[in-house]
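These notes concern the structure reproduced below.
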Amino acid sequence: MAKLSKSELENIHKLMSDFNQLKIQLGDTMITQHNLLSKVDELKVQYAEEERLLIDKYGSDAVINIQTGEVTDKSGES
């Protein structure tokens, strides 16, 4: 019966180990992506709620400068 040389067997083991490590890293990346997408969805909900509160307080015609916090209406009046 034929048998791999020690170096051939070591090379195959190393390649398989490297392959398995990459699969694990890819799985970790997918989990991270899923978690980040969930956080984006949560932020969208929080943003929509904050936007609704601001509309209730300042009106739907309000324009808010997010740099200064100044609130004007669409016509440009304060």
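Residues are referred to by chain and number: the chain letter is A, B, ... according to the order shown in the structure tokens, the number counts from 1 in that chain, and ligands are numbered separately from 1 in the order shown.
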Taking the chain letters and numbering used in this document, name the residues of chain A that DSSP puts in helix (DSSP H, G or I), as a PDB file with N, CA, C and O atoms, in the first residue's frame.
ATOM      1  N   LYS A   6       6.045  12.080   5.019  1.00  0.00           N
ATOM      2  CA  LYS A   6       5.793  12.911   6.197  1.00  0.00           C
ATOM      3  C   LYS A   6       5.532  14.352   5.788  1.00  0.00           C
ATOM      4  O   LYS A   6       4.602  14.999   6.280  1.00  0.00           O
ATOM      5  N   SER A   7       6.318  14.899   4.863  1.00  0.00           N
ATOM      6  CA  SER A   7       6.137  16.289   4.436  1.00  0.00           C
ATOM      7  C   SER A   7       4.841  16.474   3.661  1.00  0.00           C
ATOM      8  O   SER A   7       4.165  17.503   3.811  1.00  0.00           O
ATOM      9  N   GLU A   8       4.450  15.498   2.849  1.00  0.00           N
ATOM     10  CA  GLU A   8       3.177  15.582   2.123  1.00  0.00           C
ATOM     11  C   GLU A   8       2.002  15.585   3.104  1.00  0.00           C
ATOM     12  O   GLU A   8       1.069  16.387   2.967  1.00  0.00           O
ATOM     13  N   LEU A   9       2.072  14.716   4.098  1.00  0.00           N
ATOM     14  CA  LEU A   9       1.003  14.629   5.092  1.00  0.00           C
ATOM     15  C   LEU A   9       0.924  15.911   5.917  1.00  0.00           C
ATOM     16  O   LEU A   9      -0.167  16.436   6.160  1.00  0.00           O
ATOM     17  N   GLU A  10       2.075  16.442   6.307  1.00  0.00           N
ATOM     18  CA  GLU A  10       2.106  17.700   7.050  1.00  0.00           C
ATOM     19  C   GLU A  10       1.534  18.840   6.223  1.00  0.00           C
ATOM     20  O   GLU A  10       0.794  19.687   6.730  1.00  0.00           O
ATOM     21  N   ASN A  11       1.873  18.869   4.943  1.00  0.00           N
ATOM     22  CA  ASN A  11       1.365  19.912   4.046  1.00  0.00           C
ATOM     23  C   ASN A  11      -0.155  19.831   3.925  1.00  0.00           C
ATOM     24  O   ASN A  11      -0.851  20.852   4.018  1.00  0.00           O
ATOM     25  N   ILE A  12      -0.689  18.637   3.748  1.00  0.00           N
ATOM     26  CA  ILE A  12      -2.143  18.450   3.645  1.00  0.00           C
ATOM     27  C   ILE A  12      -2.815  18.862   4.955  1.00  0.00           C
ATOM     28  O   ILE A  12      -3.838  19.558   4.952  1.00  0.00           O
ATOM     29  N   HIS A  13      -2.241  18.468   6.106  1.00  0.00           N
ATOM     30  CA  HIS A  13      -2.814  18.853   7.403  1.00  0.00           C
ATOM     31  C   HIS A  13      -2.820  20.367   7.572  1.00  0.00           C
ATOM     32  O   HIS A  13      -3.805  20.938   8.058  1.00  0.00           O
ATOM     33  N   LYS A  14      -1.719  21.012   7.175  1.00  0.00           N
ATOM     34  CA  LYS A  14      -1.643  22.474   7.297  1.00  0.00           C
ATOM     35  C   LYS A  14      -2.679  23.137   6.404  1.00  0.00           C
ATOM     36  O   LYS A  14      -3.360  24.079   6.826  1.00  0.00           O
ATOM     37  N   LEU A  15      -2.811  22.673   5.172  1.00  0.00           N
ATOM     38  CA  LEU A  15      -3.798  23.252   4.256  1.00  0.00           C
ATOM     39  C   LEU A  15      -5.213  23.073   4.790  1.00  0.00           C
ATOM     40  O   LEU A  15      -6.030  24.005   4.739  1.00  0.00           O
ATOM     41  N   MET A  16      -5.526  21.906   5.317  1.00  0.00           N
ATOM     42  CA  MET A  16      -6.859  21.662   5.878  1.00  0.00           C
ATOM     43  C   MET A  16      -7.090  22.535   7.105  1.00  0.00           C
ATOM     44  O   MET A  16      -8.182  23.088   7.287  1.00  0.00           O
ATOM     45  N   SER A  17      -6.086  22.683   7.936  1.00  0.00           N
ATOM     46  CA  SER A  17      -6.201  23.529   9.124  1.00  0.00           C
ATOM     47  C   SER A  17      -6.435  24.986   8.720  1.00  0.00           C
ATOM     48  O   SER A  17      -7.304  25.660   9.281  1.00  0.00           O
ATOM     49  N   ASP A  18      -5.656  25.457   7.749  1.00  0.00           N
ATOM     50  CA  ASP A  18      -5.830  26.832   7.258  1.00  0.00           C
ATOM     51  C   ASP A  18      -7.231  27.028   6.685  1.00  0.00           C
ATOM     52  O   ASP A  18      -7.881  28.052   6.929  1.00  0.00           O
ATOM     53  N   PHE A  19      -7.701  26.050   5.920  1.00  0.00           N
ATOM     54  CA  PHE A  19      -9.031  26.115   5.329  1.00  0.00           C
ATOM     55  C   PHE A  19     -10.097  26.193   6.423  1.00  0.00           C
ATOM     56  O   PHE A  19     -11.017  27.015   6.360  1.00  0.00           O
ATOM     57  N   ASN A  20      -9.971  25.357   7.432  1.00  0.00           N
ATOM     58  CA  ASN A  20     -10.942  25.346   8.528  1.00  0.00           C
ATOM     59  C   ASN A  20     -10.917  26.662   9.305  1.00  0.00           C
ATOM     60  O   ASN A  20     -11.973  27.168   9.707  1.00  0.00           O
ATOM     61  N   GLN A  21      -9.741  27.229   9.520  1.00  0.00           N
ATOM     62  CA  GLN A  21      -9.650  28.517  10.201  1.00  0.00           C
ATOM     63  C   GLN A  21     -10.339  29.616   9.394  1.00  0.00           C
ATOM     64  O   GLN A  21     -11.031  30.465   9.964  1.00  0.00           O
ATOM     65  N   LEU A  22     -10.169  29.592   8.082  1.00  0.00           N
ATOM     66  CA  LEU A  22     -10.836  30.588   7.241  1.00  0.00           C
ATOM     67  C   LEU A  22     -12.351  30.433   7.278  1.00  0.00           C
ATOM     68  O   LEU A  22     -13.084  31.424   7.288  1.00  0.00           O
ATOM     69  N   LYS A  23     -12.826  29.195   7.321  1.00  0.00           N
ATOM     70  CA  LYS A  23     -14.279  28.979   7.428  1.00  0.00           C
ATOM     71  C   LYS A  23     -14.804  29.530   8.748  1.00  0.00           C
ATOM     72  O   LYS A  23     -15.868  30.141   8.782  1.00  0.00           O
ATOM     73  N   ILE A  24     -14.053  29.341   9.820  1.00  0.00           N
ATOM     74  CA  ILE A  24     -14.463  29.874  11.119  1.00  0.00           C
ATOM     75  C   ILE A  24     -14.484  31.399  11.076  1.00  0.00           C
ATOM     76  O   ILE A  24     -15.423  32.040  11.554  1.00  0.00           O
ATOM     77  N   GLN A  25     -13.447  31.995  10.490  1.00  0.00           N
ATOM     78  CA  GLN A  25     -13.393  33.454  10.386  1.00  0.00           C
ATOM     79  C   GLN A  25     -14.549  33.987   9.552  1.00  0.00           C
ATOM     80  O   GLN A  25     -15.144  35.024   9.877  1.00  0.00           O
ATOM     81  N   LEU A  26     -14.879  33.288   8.484  1.00  0.00           N
ATOM     82  CA  LEU A  26     -16.005  33.698   7.643  1.00  0.00           C
ATOM     83  C   LEU A  26     -17.309  33.633   8.429  1.00  0.00           C
ATOM     84  O   LEU A  26     -18.126  34.545   8.359  1.00  0.00           O
ATOM     85  N   GLY A  27     -17.485  32.581   9.214  1.00  0.00           N
ATOM     86  CA  GLY A  27     -18.678  32.469  10.048  1.00  0.00           C
ATOM     87  C   GLY A  27     -18.750  33.599  11.065  1.00  0.00           C
ATOM     88  O   GLY A  27     -19.815  34.194  11.279  1.00  0.00           O
ATOM     89  N   ASP A  28     -17.606  33.924  11.685  1.00  0.00           N
ATOM     90  CA  ASP A  28     -17.564  35.034  12.635  1.00  0.00           C
ATOM     91  C   ASP A  28     -17.926  36.348  11.959  1.00  0.00           C
ATOM     92  O   ASP A  28     -18.629  37.181  12.532  1.00  0.00           O
ATOM     93  N   THR A  29     -17.461  36.522  10.732  1.00  0.00           N
ATOM     94  CA  THR A  29     -17.769  37.731   9.979  1.00  0.00           C
ATOM     95  C   THR A  29     -19.263  37.830   9.703  1.00  0.00           C
ATOM     96  O   THR A  29     -19.852  38.912   9.826  1.00  0.00           O
ATOM     97  N   MET A  30     -19.880  36.721   9.382  1.00  0.00           N
ATOM     98  CA  MET A  30     -21.326  36.715   9.118  1.00  0.00           C
ATOM     99  C   MET A  30     -22.106  37.045  10.392  1.00  0.00           C
ATOM    100  O   MET A  30     -23.087  37.776  10.343  1.00  0.00           O
ATOM    101  N   ILE A  31     -21.660  36.523  11.522  1.00  0.00           N
ATOM    102  CA  ILE A  31     -22.319  36.825  12.796  1.00  0.00           C
ATOM    103  C   ILE A  31     -22.183  38.312  13.108  1.00  0.00           C
ATOM    104  O   ILE A  31     -23.147  38.966  13.508  1.00  0.00           O
ATOM    105  N   THR A  32     -20.985  38.850  12.902  1.00  0.00           N
ATOM    106  CA  THR A  32     -20.751  40.281  13.135  1.00  0.00           C
ATOM    107  C   THR A  32     -21.635  41.116  12.219  1.00  0.00           C
ATOM    108  O   THR A  32     -22.236  42.100  12.654  1.00  0.00           O
ATOM    109  N   GLN A  33     -21.727  40.717  10.952  1.00  0.00           N
ATOM    110  CA  GLN A  33     -22.570  41.446  10.004  1.00  0.00           C
ATOM    111  C   GLN A  33     -24.025  41.420  10.470  1.00  0.00           C
ATOM    112  O   GLN A  33     -24.704  42.460  10.456  1.00  0.00           O
ATOM    113  N   HIS A  34     -24.493  40.281  10.905  1.00  0.00           N
ATOM    114  CA  HIS A  34     -25.878  40.160  11.382  1.00  0.00           C
ATOM    115  C   HIS A  34     -26.108  41.081  12.582  1.00  0.00           C
ATOM    116  O   HIS A  34     -27.120  41.782  12.661  1.00  0.00           O
ATOM    117  N   ASN A  35     -25.149  41.075  13.512  1.00  0.00           N
ATOM    118  CA  ASN A  35     -25.277  41.928  14.700  1.00  0.00           C
ATOM    119  C   ASN A  35     -25.290  43.408  14.323  1.00  0.00           C
ATOM    120  O   ASN A  35     -26.059  44.193  14.882  1.00  0.00           O
ATOM    121  N   LEU A  36     -24.440  43.792  13.385  1.00  0.00           N
ATOM    122  CA  LEU A  36     -24.394  45.191  12.949  1.00  0.00           C
ATOM    123  C   LEU A  36     -25.693  45.593  12.258  1.00  0.00           C
ATOM    124  O   LEU A  36     -26.204  46.699  12.472  1.00  0.00           O
ATOM    125  N   LEU A  37     -26.236  44.713  11.441  1.00  0.00           N
ATOM    126  CA  LEU A  37     -27.498  45.012  10.770  1.00  0.00           C
ATOM    127  C   LEU A  37     -28.629  45.168  11.787  1.00  0.00           C
ATOM    128  O   LEU A  37     -29.495  46.035  11.631  1.00  0.00           O
ATOM    129  N   SER A  38     -28.608  44.353  12.834  1.00  0.00           N
ATOM    130  CA  SER A  38     -29.614  44.486  13.895  1.00  0.00           C
ATOM    131  C   SER A  38     -29.485  45.833  14.589  1.00  0.00           C
ATOM    132  O   SER A  38     -30.492  46.488  14.889  1.00  0.00           O
ATOM    133  N   LYS A  39     -28.251  46.266  14.846  1.00  0.00           N
ATOM    134  CA  LYS A  39     -28.034  47.558  15.485  1.00  0.00           C
ATOM    135  C   LYS A  39     -28.489  48.702  14.584  1.00  0.00           C
ATOM    136  O   LYS A  39     -29.048  49.693  15.067  1.00  0.00           O
ATOM    137  N   VAL A  40     -28.265  48.573  13.283  1.00  0.00           N
ATOM    138  CA  VAL A  40     -28.736  49.591  12.336  1.00  0.00           C
ATOM    139  C   VAL A  40     -30.258  49.676  12.393  1.00  0.00           C
ATOM    140  O   VAL A  40     -30.824  50.772  12.436  1.00  0.00           O
ATOM    141  N   ASP A  41     -30.919  48.528  12.428  1.00  0.00           N
ATOM    142  CA  ASP A  41     -32.381  48.518  12.521  1.00  0.00           C
ATOM    143  C   ASP A  41     -32.853  49.182  13.811  1.00  0.00           C
ATOM    144  O   ASP A  41     -33.826  49.947  13.802  1.00  0.00           O
ATOM    145  N   GLU A  42     -32.170  48.908  14.927  1.00  0.00           N
ATOM    146  CA  GLU A  42     -32.532  49.533  16.200  1.00  0.00           C
ATOM    147  C   GLU A  42     -32.367  51.055  16.124  1.00  0.00           C
ATOM    148  O   GLU A  42     -33.224  51.803  16.611  1.00  0.00           O
ATOM    149  N   LEU A  43     -31.277  51.504  15.511  1.00  0.00           N
ATOM    150  CA  LEU A  43     -31.049  52.944  15.383  1.00  0.00           C
ATOM    151  C   LEU A  43     -32.100  53.601  14.500  1.00  0.00           C
ATOM    152  O   LEU A  43     -32.523  54.728  14.771  1.00  0.00           O
ATOM    153  N   LYS A  44     -32.530  52.915  13.455  1.00  0.00           N
ATOM    154  CA  LYS A  44     -33.581  53.455  12.596  1.00  0.00           C
ATOM    155  C   LYS A  44     -34.865  53.671  13.391  1.00  0.00           C
ATOM    156  O   LYS A  44     -35.534  54.691  13.230  1.00  0.00           O
ATOM    157  N   VAL A  45     -35.192  52.710  14.252  1.00  0.00           N
ATOM    158  CA  VAL A  45     -36.395  52.821  15.075  1.00  0.00           C
ATOM    159  C   VAL A  45     -36.244  53.985  16.056  1.00  0.00           C
ATOM    160  O   VAL A  45     -37.157  54.803  16.222  1.00  0.00           O
ATOM    161  N   GLN A  46     -35.082  54.090  16.700  1.00  0.00           N
ATOM    162  CA  GLN A  46     -34.837  55.185  17.640  1.00  0.00           C
ATOM    163  C   GLN A  46     -34.899  56.540  16.937  1.00  0.00           C
ATOM    164  O   GLN A  46     -35.459  57.502  17.463  1.00  0.00           O
ATOM    165  N   TYR A  47     -34.313  56.608  15.732  1.00  0.00           N
ATOM    166  CA  TYR A  47     -34.333  57.853  14.968  1.00  0.00           C
ATOM    167  C   TYR A  47     -35.765  58.243  14.612  1.00  0.00           C
ATOM    168  O   TYR A  47     -36.156  59.404  14.753  1.00  0.00           O
ATOM    169  N   ALA A  48     -36.542  57.277  14.156  1.00  0.00           N
ATOM    170  CA  ALA A  48     -37.933  57.549  13.787  1.00  0.00           C
ATOM    171  C   ALA A  48     -38.729  58.039  14.990  1.00  0.00           C
ATOM    172  O   ALA A  48     -39.553  58.957  14.868  1.00  0.00           O
ATOM    173  N   GLU A  49     -38.475  57.458  16.161  1.00  0.00           N
ATOM    174  CA  GLU A  49     -39.178  57.885  17.372  1.00  0.00           C
ATOM    175  C   GLU A  49     -38.777  59.312  17.744  1.00  0.00           C
ATOM    176  O   GLU A  49     -39.633  60.141  18.069  1.00  0.00           O
ATOM    177  N   GLU A  50     -37.486  59.597  17.692  1.00  0.00           N
ATOM    178  CA  GLU A  50     -37.016  60.952  18.010  1.00  0.00           C
ATOM    179  C   GLU A  50     -37.575  61.960  17.000  1.00  0.00           C
ATOM    180  O   GLU A  50     -37.991  63.056  17.370  1.00  0.00           O
ATOM    181  N   GLU A  51     -37.602  61.579  15.734  1.00  0.00           N
ATOM    182  CA  GLU A  51     -38.159  62.443  14.687  1.00  0.00           C
ATOM    183  C   GLU A  51     -39.632  62.733  14.964  1.00  0.00           C
ATOM    184  O   GLU A  51     -40.089  63.869  14.846  1.00  0.00           O
ATOM    185  N   ARG A  52     -40.383  61.693  15.369  1.00  0.00           N
ATOM    186  CA  ARG A  52     -41.806  61.865  15.674  1.00  0.00           C
ATOM    187  C   ARG A  52     -41.992  62.835  16.841  1.00  0.00           C
ATOM    188  O   ARG A  52     -42.854  63.712  16.805  1.00  0.00           O
ATOM    189  N   LEU A  53     -41.151  62.701  17.877  1.00  0.00           N
ATOM    190  CA  LEU A  53     -41.242  63.602  19.022  1.00  0.00           C
ATOM    191  C   LEU A  53     -40.951  65.048  18.612  1.00  0.00           C
ATOM    192  O   LEU A  53     -41.625  65.980  19.073  1.00  0.00           O
ATOM    193  N   LEU A  54     -39.972  65.237  17.750  1.00  0.00           N
ATOM    194  CA  LEU A  54     -39.633  66.588  17.292  1.00  0.00           C
ATOM    195  C   LEU A  54     -40.742  67.170  16.422  1.00  0.00           C
ATOM    196  O   LEU A  54     -41.059  68.360  16.519  1.00  0.00           O
ATOM    197  N   ILE A  55     -41.349  66.342  15.594  1.00  0.00           N
ATOM    198  CA  ILE A  55     -42.474  66.809  14.770  1.00  0.00           C
ATOM    199  C   ILE A  55     -43.636  67.205  15.665  1.00  0.00           C
ATOM    200  O   ILE A  55     -44.268  68.246  15.444  1.00  0.00           O
ATOM    201  N   ASP A  56     -43.901  66.398  16.688  1.00  0.00           N
ATOM    202  CA  ASP A  56     -44.976  66.738  17.629  1.00  0.00           C
ATOM    203  C   ASP A  56     -44.699  68.069  18.323  1.00  0.00           C
ATOM    204  O   ASP A  56     -45.604  68.863  18.544  1.00  0.00           O
ATOM    205  N   LYS A  57     -43.455  68.315  18.660  1.00  0.00           N
ATOM    206  CA  LYS A  57     -43.101  69.530  19.395  1.00  0.00           C
ATOM    207  C   LYS A  57     -42.988  70.749  18.487  1.00  0.00           C
ATOM    208  O   LYS A  57     -43.478  71.828  18.825  1.00  0.00           O
ATOM    209  N   TYR A  58     -42.334  70.611  17.336  1.00  0.00           N
ATOM    210  CA  TYR A  58     -42.038  71.769  16.478  1.00  0.00           C
ATOM    211  C   TYR A  58     -42.885  71.851  15.210  1.00  0.00           C
ATOM    212  O   TYR A  58     -42.819  72.843  14.500  1.00  0.00           O
TER     213      TYR A  58
END
